[in-house]
file work.txt (compact mmCIF, C-alpha atoms)
# COMPACT_ATOMS: atom_id res chain seq x y z
CA MET A 914 -19.69 -19.61 2.37
CA THR A 915 -19.24 -21.29 5.75
CA ASP A 916 -16.24 -23.02 7.21
CA ALA A 917 -16.20 -26.70 8.04
CA PRO A 918 -17.81 -27.03 11.48
CA ASN A 919 -14.64 -28.29 13.15
CA TYR A 920 -11.96 -26.09 11.61
CA PRO A 921 -8.94 -25.81 13.92
CA LYS A 922 -8.68 -22.62 15.94
CA PHE A 923 -5.50 -20.90 17.03
CA THR A 924 -5.63 -21.05 20.80
CA PRO A 925 -3.50 -19.05 23.27
CA ASP A 926 -1.55 -22.22 24.10
CA MET A 927 -0.37 -22.47 20.47
CA LYS A 928 1.54 -19.24 20.93
CA LYS A 929 4.30 -21.33 22.53
CA THR A 930 4.20 -24.27 20.14
CA HIS A 931 3.35 -23.00 16.63
CA LYS A 932 5.19 -21.02 13.96
CA ILE A 933 2.95 -18.49 12.21
CA LEU A 934 3.49 -17.92 8.48
CA ILE A 935 2.77 -14.39 7.21
CA PRO A 936 1.91 -13.66 3.54
CA ASN A 937 4.13 -10.95 2.09
CA MET A 938 1.90 -8.12 0.89
CA ALA A 939 3.85 -4.98 1.83
CA PRO A 940 7.45 -6.22 2.36
CA VAL A 941 8.77 -3.28 4.39
CA GLN A 942 5.75 -2.77 6.65
CA PHE A 943 5.17 -6.49 7.17
CA ARG A 944 8.81 -7.06 8.12
CA ILE A 945 8.39 -4.63 11.01
CA MET A 946 5.03 -6.19 11.87
CA ALA A 947 6.76 -9.57 12.19
CA ALA A 948 9.09 -7.99 14.78
CA VAL A 949 6.05 -6.80 16.75
CA MET A 950 4.64 -10.31 16.78
CA LYS A 951 7.96 -11.79 17.87
CA GLN A 952 8.20 -9.30 20.74
CA GLN A 953 4.79 -10.49 21.91
CA GLY A 954 6.00 -14.07 22.03
CA TYR A 955 4.86 -15.37 18.65
CA ASP A 956 7.19 -17.44 16.48
CA CYS A 957 6.57 -16.11 12.98
CA GLU A 958 8.08 -15.98 9.51
CA LEU A 959 7.44 -13.62 6.60
CA LEU A 960 7.05 -15.73 3.45
CA GLU A 961 9.37 -15.00 0.53
CA ASN A 962 8.40 -17.87 -1.80
CA CYS A 963 7.36 -16.66 -5.25
CA GLY A 964 7.27 -18.18 -8.73
CA SER A 965 4.70 -19.58 -11.12
CA GLN A 966 3.93 -22.50 -8.81
CA VAL A 967 2.32 -20.11 -6.33
CA CYS A 968 -0.30 -19.03 -8.86
CA GLU A 969 -0.75 -22.60 -10.13
CA LEU A 970 -1.47 -23.87 -6.63
CA GLY A 971 -3.91 -21.03 -6.09
CA LEU A 972 -5.74 -21.99 -9.26
CA LYS A 973 -5.75 -25.62 -8.18
CA TYR A 974 -7.42 -25.02 -4.83
CA VAL A 975 -9.44 -21.82 -5.41
CA HIS A 976 -12.00 -21.17 -8.16
CA ASN A 977 -10.46 -19.06 -10.93
CA ASP A 978 -13.30 -16.53 -10.72
CA THR A 979 -12.11 -15.64 -7.24
CA CYS A 980 -10.10 -12.47 -6.71
CA TYR A 981 -6.51 -12.77 -7.96
CA PRO A 982 -4.96 -11.71 -4.61
CA ALA A 983 -6.82 -14.61 -2.94
CA LEU A 984 -5.29 -17.02 -5.46
CA LEU A 985 -1.79 -15.73 -4.72
CA VAL A 986 -2.10 -15.57 -0.93
CA ILE A 987 -3.59 -19.06 -0.71
CA GLY A 988 -1.14 -20.40 -3.30
CA GLN A 989 1.79 -18.94 -1.35
CA PHE A 990 0.58 -20.58 1.85
CA ILE A 991 0.07 -24.01 0.27
CA ASP A 992 3.40 -23.78 -1.56
CA ALA A 993 5.10 -23.07 1.77
CA LEU A 994 3.35 -26.00 3.45
CA ASN A 995 4.35 -28.25 0.52
CA SER A 996 7.99 -27.25 0.88
CA GLY A 997 8.74 -29.61 3.77
CA LYS A 998 10.38 -26.80 5.75
CA TYR A 999 7.73 -26.73 8.47
CA ASP A 1000 6.39 -29.05 11.12
CA LEU A 1001 2.79 -29.20 9.94
CA ASP A 1002 1.51 -30.14 13.38
CA HIS A 1003 3.00 -26.95 14.78
CA THR A 1004 2.38 -24.44 11.99
CA ALA A 1005 -0.33 -21.78 11.70
CA LEU A 1006 -1.18 -19.14 9.11
CA ILE A 1007 -2.22 -15.51 9.58
CA ILE A 1008 -4.37 -13.51 7.19
CA THR A 1009 -5.94 -10.05 7.29
CA GLN A 1010 -9.66 -9.36 6.87
CA THR A 1011 -11.07 -5.99 5.89
CA GLY A 1012 -14.61 -6.60 7.09
CA GLY A 1013 -16.12 -4.68 4.16
CA GLY A 1014 -18.07 -5.72 1.09
CA CYS A 1015 -14.84 -6.66 -0.70
CA ARG A 1016 -14.22 -10.33 -1.39
CA ALA A 1017 -11.15 -10.01 0.85
CA SER A 1018 -13.47 -10.48 3.82
CA ASN A 1019 -13.98 -14.05 2.61
CA TYR A 1020 -10.31 -14.93 2.15
CA ILE A 1021 -10.13 -16.76 5.46
CA HIS A 1022 -13.04 -19.02 4.53
CA LEU A 1023 -11.55 -19.70 1.09
CA LEU A 1024 -8.21 -20.47 2.74
CA ARG A 1025 -9.68 -22.94 5.21
CA LYS A 1026 -11.54 -24.71 2.43
CA ALA A 1027 -8.37 -24.85 0.28
CA LEU A 1028 -6.31 -26.18 3.20
CA ALA A 1029 -8.78 -29.00 3.73
CA LYS A 1030 -8.70 -29.90 0.02
CA ALA A 1031 -4.88 -29.85 0.02
CA GLY A 1032 -4.67 -32.15 3.04
CA TYR A 1033 -3.73 -29.48 5.55
CA GLY A 1034 -7.05 -29.25 7.37
CA ASN A 1035 -5.22 -29.44 10.71
CA VAL A 1036 -3.41 -26.13 10.16
CA PRO A 1037 -5.11 -23.29 12.10
CA VAL A 1038 -5.64 -19.85 10.61
CA VAL A 1039 -5.28 -16.64 12.61
CA SER A 1040 -7.38 -13.63 11.60
CA LEU A 1041 -5.86 -10.16 11.87
CA ASN A 1042 -8.78 -7.74 11.72
CA PHE A 1043 -10.13 -4.64 13.41
CA SER A 1044 -13.81 -5.45 12.92
CA GLY A 1045 -14.43 -8.43 15.18
CA LEU A 1046 -14.92 -10.89 12.32
CA GLU A 1047 -13.03 -13.65 14.14
CA ARG A 1048 -13.34 -13.12 17.87
CA ASP A 1049 -11.58 -16.41 18.63
CA SER A 1050 -8.67 -15.76 16.29
CA GLY A 1051 -6.01 -16.12 19.01
CA PHE A 1052 -4.52 -12.73 18.12
CA PRO A 1053 -6.31 -10.24 20.40
CA MET A 1054 -6.46 -6.62 19.23
CA THR A 1055 -5.66 -4.65 22.37
CA LEU A 1056 -5.18 -0.88 22.43
CA THR A 1057 -1.43 -1.36 22.89
CA THR A 1058 -1.27 -3.72 19.90
CA ILE A 1059 -3.12 -1.19 17.76
CA ARG A 1060 -0.72 1.57 18.81
CA ARG A 1061 2.25 -0.61 17.90
CA LEU A 1062 0.75 -1.45 14.50
CA LEU A 1063 0.11 2.22 13.75
CA ALA A 1064 3.77 2.95 14.44
CA VAL A 1065 4.76 -0.03 12.26
CA ILE A 1066 2.83 1.33 9.30
CA TYR A 1067 4.12 4.88 9.62
CA TYR A 1068 7.74 3.78 9.93
CA GLY A 1069 7.27 1.49 6.92
CA ASP A 1070 5.51 4.10 4.80
CA MET A 1071 8.22 6.63 5.56
CA LEU A 1072 11.07 4.26 4.67
CA VAL A 1073 9.37 3.32 1.39
CA SER A 1074 8.85 6.99 0.49
CA LEU A 1075 12.39 8.04 1.40
CA ARG A 1076 14.00 5.28 -0.63
CA ALA A 1077 11.70 5.88 -3.61
CA GLN A 1078 12.58 9.59 -3.72
CA THR A 1079 16.31 9.07 -3.19
CA GLU A 1080 17.26 5.96 -5.18
CA PRO A 1081 16.64 7.32 -8.72
CA TYR A 1082 19.02 10.23 -8.07
CA GLU A 1083 21.76 8.67 -5.92
CA THR A 1084 25.33 9.12 -7.15
CA ASN A 1085 26.52 5.91 -5.50
CA LYS A 1086 24.36 3.00 -6.59
CA GLY A 1087 22.83 1.12 -3.68
CA ASP A 1088 23.10 3.88 -1.06
CA ALA A 1089 19.33 4.23 -0.61
CA GLU A 1090 18.78 0.48 -0.42
CA ARG A 1091 21.52 0.10 2.18
CA MET A 1092 20.09 3.01 4.17
CA GLN A 1093 16.65 1.42 4.14
CA GLU A 1094 18.10 -1.88 5.34
CA LYS A 1095 20.03 -0.10 8.09
CA TRP A 1096 16.89 1.57 9.40
CA LEU A 1097 14.74 -1.52 8.96
CA ASP A 1098 17.15 -3.50 11.13
CA ARG A 1099 17.23 -0.72 13.69
CA ILE A 1100 13.45 -0.26 13.80
CA CYS A 1101 12.84 -4.01 14.06
CA GLY A 1102 15.35 -4.02 16.91
CA TRP A 1103 13.38 -1.32 18.67
CA PHE A 1104 10.15 -3.29 18.44
CA LEU A 1105 11.84 -6.50 19.58
CA SER A 1106 12.96 -4.53 22.65
CA ASP A 1107 9.47 -3.04 23.04
CA THR A 1108 10.67 0.49 22.33
CA GLY A 1109 10.27 3.00 19.51
CA TRP A 1110 6.49 2.72 19.13
CA LYS A 1111 5.21 5.26 21.62
CA SER A 1112 4.16 8.63 20.21
CA ARG A 1113 7.02 10.60 21.74
CA GLU A 1114 9.53 8.04 20.43
CA VAL A 1115 8.08 8.09 16.91
CA LYS A 1116 8.15 11.91 16.93
CA ARG A 1117 11.81 11.83 17.99
CA ASN A 1118 12.89 9.15 15.50
CA MET A 1119 11.23 10.23 12.26
CA PRO A 1120 13.21 13.46 11.72
CA VAL A 1121 16.45 11.54 12.34
CA ILE A 1122 15.54 8.89 9.75
CA ALA A 1123 14.62 11.49 7.13
CA ALA A 1124 17.82 13.47 7.77
CA ASP A 1125 19.90 10.32 7.34
CA PHE A 1126 18.41 9.71 3.88
CA ALA A 1127 18.80 13.39 2.98
CA ALA A 1128 22.55 13.07 3.61
CA ILE A 1129 22.91 10.55 0.75
CA PRO A 1130 24.76 12.19 -2.20
CA VAL A 1131 22.30 12.72 -5.06
CA ARG A 1132 22.10 14.44 -8.41
CA ARG A 1133 18.59 15.75 -8.98
CA VAL A 1134 17.81 15.65 -12.69
CA PRO A 1135 14.37 15.69 -14.35
CA LYS A 1136 12.81 12.21 -14.43
CA VAL A 1137 9.42 10.80 -15.27
CA LYS A 1138 7.40 10.57 -12.06
CA VAL A 1139 4.96 7.67 -11.79
CA GLY A 1140 2.31 7.03 -9.16
CA VAL A 1141 0.92 3.57 -8.43
CA VAL A 1142 -2.61 3.06 -7.12
CA GLY A 1143 -5.05 0.17 -7.10
CA GLU A 1144 -6.31 -2.80 -5.14
CA ILE A 1145 -4.34 -3.01 -1.93
CA TYR A 1146 -2.60 -6.35 -2.58
CA VAL A 1147 -1.52 -5.83 -6.21
CA LYS A 1148 -0.62 -2.24 -5.35
CA TYR A 1149 2.03 -3.26 -2.81
CA SER A 1150 2.94 -6.90 -3.39
CA PRO A 1151 5.79 -7.65 -5.83
CA LEU A 1152 4.23 -11.10 -6.23
CA GLY A 1153 0.87 -9.57 -7.12
CA ASN A 1154 2.10 -6.90 -9.54
CA ASN A 1155 5.03 -8.72 -11.17
CA ASP A 1156 7.61 -6.50 -9.45
CA LEU A 1157 6.00 -3.34 -10.83
CA GLU A 1158 8.09 -0.96 -8.71
CA LYS A 1159 11.33 -2.62 -9.81
CA PHE A 1160 10.21 -2.49 -13.46
CA LEU A 1161 9.41 1.22 -13.25
CA ALA A 1162 12.80 1.83 -11.62
CA SER A 1163 14.45 0.00 -14.54
CA GLN A 1164 12.72 2.50 -16.85
CA ASP A 1165 14.48 5.38 -15.03
CA CYS A 1166 11.36 6.60 -13.21
CA GLU A 1167 10.72 7.98 -9.77
CA VAL A 1168 7.90 5.94 -8.24
CA ASN A 1169 5.34 7.12 -5.69
CA ILE A 1170 3.20 4.44 -4.04
CA PRO A 1171 0.80 6.07 -1.54
CA GLY A 1172 1.32 4.73 1.97
CA LEU A 1173 -0.48 1.83 3.60
CA MET A 1174 -1.67 4.13 6.39
CA GLY A 1175 -4.00 5.84 3.93
CA PHE A 1176 -5.97 2.61 3.62
CA VAL A 1177 -6.14 2.24 7.39
CA GLN A 1178 -7.43 5.80 7.74
CA TYR A 1179 -9.91 5.17 4.94
CA CYS A 1180 -11.30 2.13 6.77
CA VAL A 1181 -11.60 4.13 10.01
CA TYR A 1182 -13.25 7.08 8.24
CA ASN A 1183 -15.84 4.82 6.65
CA PHE A 1184 -17.36 3.91 10.03
CA SER A 1185 -18.61 7.48 10.51
CA GLU A 1186 -19.48 7.81 6.83
CA THR A 1187 -21.72 4.75 7.12
CA ALA A 1188 -23.44 6.29 10.12
CA ARG A 1189 -23.88 9.59 8.27
CA LEU A 1190 -25.44 7.93 5.23
CA TYR A 1191 -27.49 5.19 6.82
CA GLY A 1192 -27.89 6.20 10.45
CA GLY A 1193 -26.14 5.04 13.57
CA ASN A 1194 -25.53 5.77 17.21
CA VAL A 1195 -23.37 8.52 18.64
CA LEU A 1196 -20.41 6.17 19.08
CA MET A 1197 -20.45 5.20 15.40
CA ARG A 1198 -20.69 8.83 14.35
CA ASN A 1199 -17.83 10.09 16.53
CA ALA A 1200 -15.46 7.18 17.21
CA SER A 1201 -13.73 7.29 13.84
CA GLY A 1202 -13.16 11.04 14.15
CA ILE A 1203 -11.46 10.57 17.50
CA LEU A 1204 -9.23 7.77 16.18
CA LEU A 1205 -8.37 9.72 13.04
CA GLY A 1206 -7.35 12.64 15.26
CA ILE A 1207 -4.97 10.38 17.17
CA ILE A 1208 -3.50 9.03 13.93
CA GLU A 1209 -3.10 12.54 12.51
CA LYS A 1210 -0.71 13.47 15.32
CA LEU A 1211 1.77 10.93 13.95
CA GLU A 1212 0.87 11.79 10.37
CA THR A 1213 1.86 15.44 10.84
CA VAL A 1214 5.23 14.37 12.26
CA MET A 1215 5.97 12.23 9.20
CA ILE A 1216 4.87 14.94 6.79
CA LYS A 1217 6.98 17.59 8.54
CA SER A 1218 10.01 15.28 8.69
CA LEU A 1219 9.81 14.67 4.94
CA LYS A 1220 9.27 18.31 4.01
CA ASP A 1221 11.98 19.62 6.32
CA ASN A 1222 14.49 17.38 4.57
CA GLY A 1223 13.49 18.33 1.03
CA TYR A 1224 11.22 15.40 0.22
CA HIS A 1225 7.71 15.33 -1.20
CA ALA A 1226 5.16 14.48 1.48
CA PRO A 1227 1.58 13.27 1.12
CA MET A 1228 -1.23 15.58 2.18
CA LEU A 1229 -3.07 15.09 5.44
CA PHE A 1230 -5.80 12.48 5.25
CA ARG A 1231 -8.52 15.04 6.00
CA GLU A 1232 -7.32 16.90 2.88
CA LEU A 1233 -7.10 13.69 0.88
CA VAL A 1234 -10.81 13.04 1.50
CA LYS A 1235 -11.62 16.31 -0.28
CA GLN A 1236 -9.83 15.17 -3.45
CA ALA A 1237 -12.77 12.91 -4.26
CA ASP A 1238 -15.12 15.91 -4.46
CA GLY A 1239 -16.60 16.33 -7.90
CA VAL A 1240 -15.35 12.93 -9.02
CA ILE A 1241 -16.87 10.26 -6.79
CA SER A 1242 -18.95 10.03 -3.62
CA THR A 1243 -17.31 9.05 -0.34
CA GLY A 1244 -20.27 6.71 0.03
CA ASP A 1245 -18.51 4.49 -2.52
CA LYS A 1246 -16.52 2.46 -0.02
CA MET A 1247 -16.41 -1.13 -1.21
CA GLY A 1248 -12.87 -2.40 -1.56
CA GLU A 1249 -10.56 0.61 -1.96
CA GLY A 1250 -13.58 2.71 -2.99
CA TRP A 1251 -13.27 6.49 -3.10
CA LEU A 1252 -9.71 6.29 -1.70
CA LEU A 1253 -8.46 4.94 -5.03
CA THR A 1254 -9.92 7.94 -6.84
CA ALA A 1255 -8.69 10.44 -4.26
CA GLU A 1256 -5.16 9.05 -4.43
CA MET A 1257 -5.10 9.46 -8.22
CA VAL A 1258 -6.20 13.09 -7.93
CA GLU A 1259 -3.61 13.78 -5.22
CA LEU A 1260 -0.85 12.22 -7.31
CA VAL A 1261 -1.77 14.28 -10.38
CA ARG A 1262 -1.85 17.47 -8.34
CA SER A 1263 1.51 16.61 -6.73
CA GLY A 1264 3.35 16.19 -10.04
CA TYR A 1265 2.99 12.42 -10.34
CA GLU A 1266 0.51 12.73 -13.20
CA ASN A 1267 1.65 9.46 -14.82
CA ILE A 1268 -0.28 6.75 -12.99
CA VAL A 1269 -0.49 2.97 -13.14
CA CYS A 1270 -3.82 1.78 -11.78
CA ALA A 1271 -3.12 -1.83 -10.79
CA GLN A 1272 -6.18 -3.99 -10.30
CA PRO A 1273 -7.16 -7.65 -10.29
CA PHE A 1274 -9.24 -8.51 -13.33
CA GLY A 1275 -12.91 -8.55 -12.38
CA CYS A 1276 -12.44 -6.54 -9.17
CA LEU A 1277 -15.67 -4.56 -9.44
CA PRO A 1278 -14.88 -1.83 -6.85
CA ASN A 1279 -11.54 -1.08 -8.48
CA HIS A 1280 -12.90 -1.09 -12.02
CA ILE A 1281 -15.54 1.44 -10.95
CA CYS A 1282 -13.27 3.63 -8.79
CA GLY A 1283 -10.27 3.18 -11.09
CA LYS A 1284 -11.20 2.79 -14.76
CA GLY A 1285 -14.61 4.31 -14.20
CA VAL A 1286 -13.31 7.73 -13.12
CA ILE A 1287 -10.32 8.14 -15.43
CA ASN A 1288 -12.19 10.23 -18.00
CA ARG A 1289 -13.55 12.52 -15.30
CA ILE A 1290 -10.07 13.01 -13.82
CA ARG A 1291 -8.72 13.80 -17.28
CA GLU A 1292 -11.45 16.41 -17.73
CA LEU A 1293 -10.45 18.10 -14.49
CA TYR A 1294 -6.69 17.58 -14.93
CA PRO A 1295 -5.68 17.37 -18.62
CA SER A 1296 -2.11 16.43 -17.66
CA ALA A 1297 -3.32 13.13 -16.14
CA ASN A 1298 -1.70 10.21 -17.95
CA ILE A 1299 -3.37 7.15 -16.43
CA THR A 1300 -3.23 3.56 -17.59
CA PRO A 1301 -5.18 0.74 -15.88
CA ILE A 1302 -3.36 -2.60 -15.77
CA ASP A 1303 -5.19 -5.84 -15.02
CA TYR A 1304 -3.44 -8.57 -13.06
CA ASP A 1305 -4.77 -12.11 -13.16
CA PRO A 1306 -3.52 -15.65 -13.93
CA GLY A 1307 -4.14 -15.20 -17.65
CA ALA A 1308 -2.41 -11.84 -18.04
CA THR A 1309 1.12 -11.98 -19.43
CA ARG A 1310 3.87 -9.91 -17.88
CA VAL A 1311 5.17 -8.75 -21.27
CA ASN A 1312 1.75 -7.39 -22.23
CA GLN A 1313 1.44 -5.53 -18.92
CA GLU A 1314 4.91 -4.02 -19.28
CA ASN A 1315 4.33 -3.05 -22.92
CA ARG A 1316 1.20 -1.14 -21.95
CA ILE A 1317 3.12 0.65 -19.22
CA LYS A 1318 5.89 1.48 -21.71
CA LEU A 1319 3.33 3.18 -23.94
CA MET A 1320 2.24 5.32 -20.99
CA LEU A 1321 5.88 6.12 -20.22
CA ALA A 1322 6.53 7.12 -23.85
CA VAL A 1323 3.84 9.78 -23.54
CA ALA A 1324 5.27 10.82 -20.16
CA ARG A 1325 8.80 11.24 -21.58
CA GLU A 1326 7.54 13.26 -24.50
CA ARG A 1327 5.72 15.61 -22.15
CA LEU A 1328 8.76 15.87 -19.88
CA GLU A 1329 10.97 16.81 -22.85
CA GLN A 1330 8.49 19.48 -23.90
CA ARG A 1331 8.45 20.96 -20.42
CA GLU A 1332 12.23 21.02 -20.25
CA LYS A 1333 12.61 22.83 -23.60
CA PRO A 1334 12.42 26.63 -23.57
CA SER A 1335 9.12 27.50 -25.27
CA ASN A 1336 8.90 29.71 -28.33
CA LEU A 1337 6.76 32.04 -26.25
CA THR A 1338 9.63 32.50 -23.80
CA HIS A 1339 12.05 33.34 -26.62
CA LYS A 1340 9.67 35.91 -28.06
CA ALA A 1341 9.08 37.47 -24.68
CA GLU A 1342 12.80 38.13 -24.34
CA LYS A 1343 12.60 40.43 -27.43
CA VAL A 1344 9.83 42.58 -25.96
CA PRO A 1345 11.08 45.76 -24.27
CA PRO A 1346 10.55 45.59 -20.49
CA LYS A 1347 8.03 48.46 -20.48
CA GLN A 1348 5.72 46.52 -22.85
CA ARG A 1349 5.58 43.31 -20.85
CA GLU A 1350 2.46 42.41 -18.92
CA PRO A 1351 2.88 42.32 -15.14
CA LEU A 1352 3.30 38.80 -13.84
CA GLY A 1353 0.06 39.05 -11.96
CA HIS A 1354 -1.84 39.29 -15.25
CA ALA A 1355 -0.51 36.02 -16.61
CA VAL A 1356 -3.10 33.29 -17.05
call {"tool": "encode", "arguments": {"input": "work.txt", "output": "structure tokens"}}
result
Amino acid sequence: MTDAPNYPKFTPDMKKTHKILIPNMAPVQFRIMAAVMKQQGYDCELLENCGSQVCELGLKYVHNDTCYPALLVIGQFIDALNSGKYDLDHTALIITQTGGGCRASNYIHLLRKALAKAGYGNVPVVSLNFSGLERDSGFPMTLTTIRRLLAVIYYGDMLVSLRAQTEPYETNKGDAERMQEKWLDRICGWFLSDTGWKSREVKRNMPVIAADFAAIPVRRVPKVKVGVVGEIYVKYSPLGNNDLEKFLASQDCEVNIPGLMGFVQYCVYNFSETARLYGGNVLMRNASGILLGIIEKLETVMIKSLKDNGYHAPMLFRELVKQADGVISTGDKMGEGWLLTAEMVELVRSGYENIVCAQPFGCLPNHICGKGVINRIRELYPSANITPIDYDPGATRVNQENRIKLMLAVARERLEQREKPSNLTHKAEKVPPKQREPLGHAV
């Protein structure tokens, strides 16, 4: 698919005259990203418009065989432009591009075509990508910008994780939410003042943030732990997954959604993996390793900050890669590829064995790396309780939630069994100490 030959481009001069609308995929991370853009002189707004009209507009201007996230992102943009809130001669849109074989690489072309059909052909689109797909996007990717965005993602991932592990157990309802808002405001303030993003600042701030959450009064009681994996948009976006995280919270669960940085690291890793599999120059073979090493320095700080304050922390990315061994090849890197599988294995091994695999209907990479590996994961880890949930315009929310409830029913039954003293334990108490097997002999 090609764009119309004269599609409007976002030029450097528009930085002073145009408001940029941002689709809301990962609310916490993108809120901080908006602060980064504002600090650099861009006038931007994170979209909050939801509702059935968003999907309906997507269906109206994008073919219904197209990926569901594309329908929602484009529908959200057109709904915003229809609202009358914006000066259409001074409004631009920003969208991310992965640069891989996923249909997401074509979103920008679909968006431009939809804008022309909807009568907004004069609205320029900015591409946010790391692969040079749109060299004239008007949003240059400098080294400093990349460093800021890495800090954005790690701060966001950490705040999401801290709230998710605190909120289900808090004794005063709303403490974790208020704490997240407090730190979001503070972190956004840092970025607006061009501080807080350098490595030494991130290393200083993360332990303080984690300690602040750890001070919230909680009552730790056994709860069903649920992990969420899947296609990147429906995994994080409340619009894309029908407020999945909120629904799981309403079912008295602790929710673990692997961080956005994992996807960034996955994309970086795949450059060297491509060179390993298909050949490439020395730069291709080594560049991703160097960048991953830089990222890992911040990653270790976040992991240590979480662990030191009593929270579960994800494993290092270089360990996460190994979780795909025996299940799927790391050469499977379309869409979320092997990362989706590796995240499921990590979650099961970390105690979040109940997993919702959220995917757009017809998303081939996710059906292969999600549904396609479930039986293998169950063979390796019998405790795995995984249910794939399809999200598309024709899927009803009640059907999705009912399927999740069935998974949770199994999870609760297993939790109850674990919490009950086993008959074996009772019998063991009657055995004289001298007849017991040493602990080291237990299987």
call {"tool": "residues_around", "arguments": {"input": "work.txt", "residues": "range 988-990 of chain A", "least_positions_apart": "6", "cutoff": "7 Å", "atoms": "only C-alpha atoms", "output": "MDAnalysis selection string"}}
result
chainID A and resid 962 967:968 970:971
call {"tool": "write_last_selection", "arguments": {"input": "work.txt", "atoms": "C-alpha atoms", "output": "mmCIF file, in the coordinates of the input"}}
result
data_model
loop_
_atom_site.group_PDB
_atom_site.id
_atom_site.type_symbol
_atom_site.label_atom_id
_atom_site.label_comp_id
_atom_site.auth_asym_id
_atom_site.auth_seq_id
_atom_site.Cartn_x
_atom_site.Cartn_y
_atom_site.Cartn_z
ATOM 1 C CA ASN A 962 8.400 -17.870 -1.800
ATOM 2 C CA VAL A 967 2.320 -20.110 -6.330
ATOM 3 C CA CYS A 968 -0.300 -19.030 -8.860
ATOM 4 C CA LEU A 970 -1.470 -23.870 -6.630
ATOM 5 C CA GLY A 971 -3.910 -21.030 -6.090
#
call {"tool": "residues_around", "arguments": {"input": "work.txt", "residues": "Phe1274 in chain A", "least_positions_apart": "4", "cutoff": "7 Å", "atoms": "all atoms listed in the file", "output": "PyMOL selection string"}}
result
chain A and resi 1303-1305
call {"tool": "closest_residue", "arguments": {"input": "work.txt", "among": "A:Pro921, A:Gly997, A:Pro1037, A:Gly1202", "to": "Ile933 in chain A", "atoms": "all atoms listed in the file"}}
result
A:Pro1037
call {"tool": "residues_near_point", "arguments": {"input": "work.txt", "point": "(-19.4, 10.7, -3.3)", "cutoff": "12 Å", "atoms": "all atoms listed in the file", "output": "short mmCIF file (atom, residue, chain, number, x, y, z; two decimals) with C-alpha atoms, keeping the file's coordinate frame"}}
result
data_model
loop_
_atom_site.label_atom_id
_atom_site.label_comp_id
_atom_site.auth_asym_id
_atom_site.auth_seq_id
_atom_site.Cartn_x
_atom_site.Cartn_y
_atom_site.Cartn_z
CA GLU A 1186 -19.48 7.81 6.83
CA LEU A 1190 -25.44 7.93 5.23
CA VAL A 1234 -10.81 13.04 1.50
CA LYS A 1235 -11.62 16.31 -0.28
CA GLN A 1236 -9.83 15.17 -3.45
CA ALA A 1237 -12.77 12.91 -4.26
CA ASP A 1238 -15.12 15.91 -4.46
CA GLY A 1239 -16.60 16.33 -7.90
CA VAL A 1240 -15.35 12.93 -9.02
CA ILE A 1241 -16.87 10.26 -6.79
CA SER A 1242 -18.95 10.03 -3.62
CA THR A 1243 -17.31 9.05 -0.34
CA GLY A 1244 -20.27 6.71 0.03
CA ASP A 1245 -18.51 4.49 -2.52
CA LYS A 1246 -16.52 2.46 -0.02
CA GLY A 1250 -13.58 2.71 -2.99
CA TRP A 1251 -13.27 6.49 -3.10
CA LEU A 1252 -9.71 6.29 -1.70
CA THR A 1254 -9.92 7.94 -6.84
CA ALA A 1255 -8.69 10.44 -4.26
CA CYS A 1282 -13.27 3.63 -8.79
CA VAL A 1286 -13.31 7.73 -13.12
#
call {"tool": "residues_around", "arguments": {"input": "work.txt", "residues": "Arg1091 in chain A", "least_positions_apart": "5", "cutoff": "12 Å", "atoms": "all atoms listed in the file", "output": "JSON, numbers by chain"}}
result
{"A": [1072, 1076, 1079, 1080, 1083, 1085, 1086, 1096, 1097, 1098, 1125, 1126, 1129]}
call {"tool": "residues_around", "arguments": {"input": "work.txt", "residues": "Trp1110 in chain A", "least_positions_apart": "6", "cutoff": "9 Å", "atoms": "all atoms listed in the file", "output": "number ranges by chain"}}
result
A: 1060-1065, 1103-1104
call {"tool": "atom_distance", "arguments": {"input": "work.txt", "atom1": "CA of Val1261 in chain A", "atom2": "CA of Ala1297 in chain A"}}
result
6.1 Å
call {"tool": "closest_residue", "arguments": {"input": "work.txt", "among": "A:Met1119, A:Ala939, A:Leu985, A:Ile1145", "to": "Thr1213 in chain A", "atoms": "only C-alpha atoms"}}
result
A:Met1119
call {"tool": "closest_residue", "arguments": {"input": "work.txt", "among": "A:Cys1180, A:Pro1273, A:Gly1307, A:Met946", "to": "Met1247 in chain A", "atoms": "only C-alpha atoms"}}
result
A:Cys1180
call {"tool": "atom_distance", "arguments": {"input": "work.txt", "atom1": "CA of Val1323 in chain A", "atom2": "CA of Ala1226 in chain A"}}
result
25.5 Å
call {"tool": "residues_around", "arguments": {"input": "work.txt", "residues": "Leu1152 in chain A", "least_positions_apart": "3", "cutoff": "10 Å", "atoms": "only C-alpha atoms", "output": "list in words"}}
result
Asn937, Met938, Glu961, Asn962, Cys963, Gly964, Ser965, Val967, Cys968, Pro982, Leu985, Val986, Gln989, Tyr1146, Val1147, Tyr1149, Asn1155, Asp1156 and Leu1157 of chain A
call {"tool": "closest_residue", "arguments": {"input": "work.txt", "among": "A:Asp978, A:Glu1094, A:Asp1000, A:Asp926", "to": "Pro940 in chain A", "atoms": "only C-alpha atoms"}}
result
A:Glu1094
call {"tool": "residues_near_point", "arguments": {"input": "work.txt", "point": "(6.5, 4.9, -9.4)", "cutoff": "7 Å", "atoms": "only C-alpha atoms", "output": "count of residues only"}}
result
11
call {"tool": "atom_distance", "arguments": {"input": "work.txt", "atom1": "CA of Pro936 in chain A", "atom2": "CA of Asn1154 in chain A"}}
result
14.7 Å
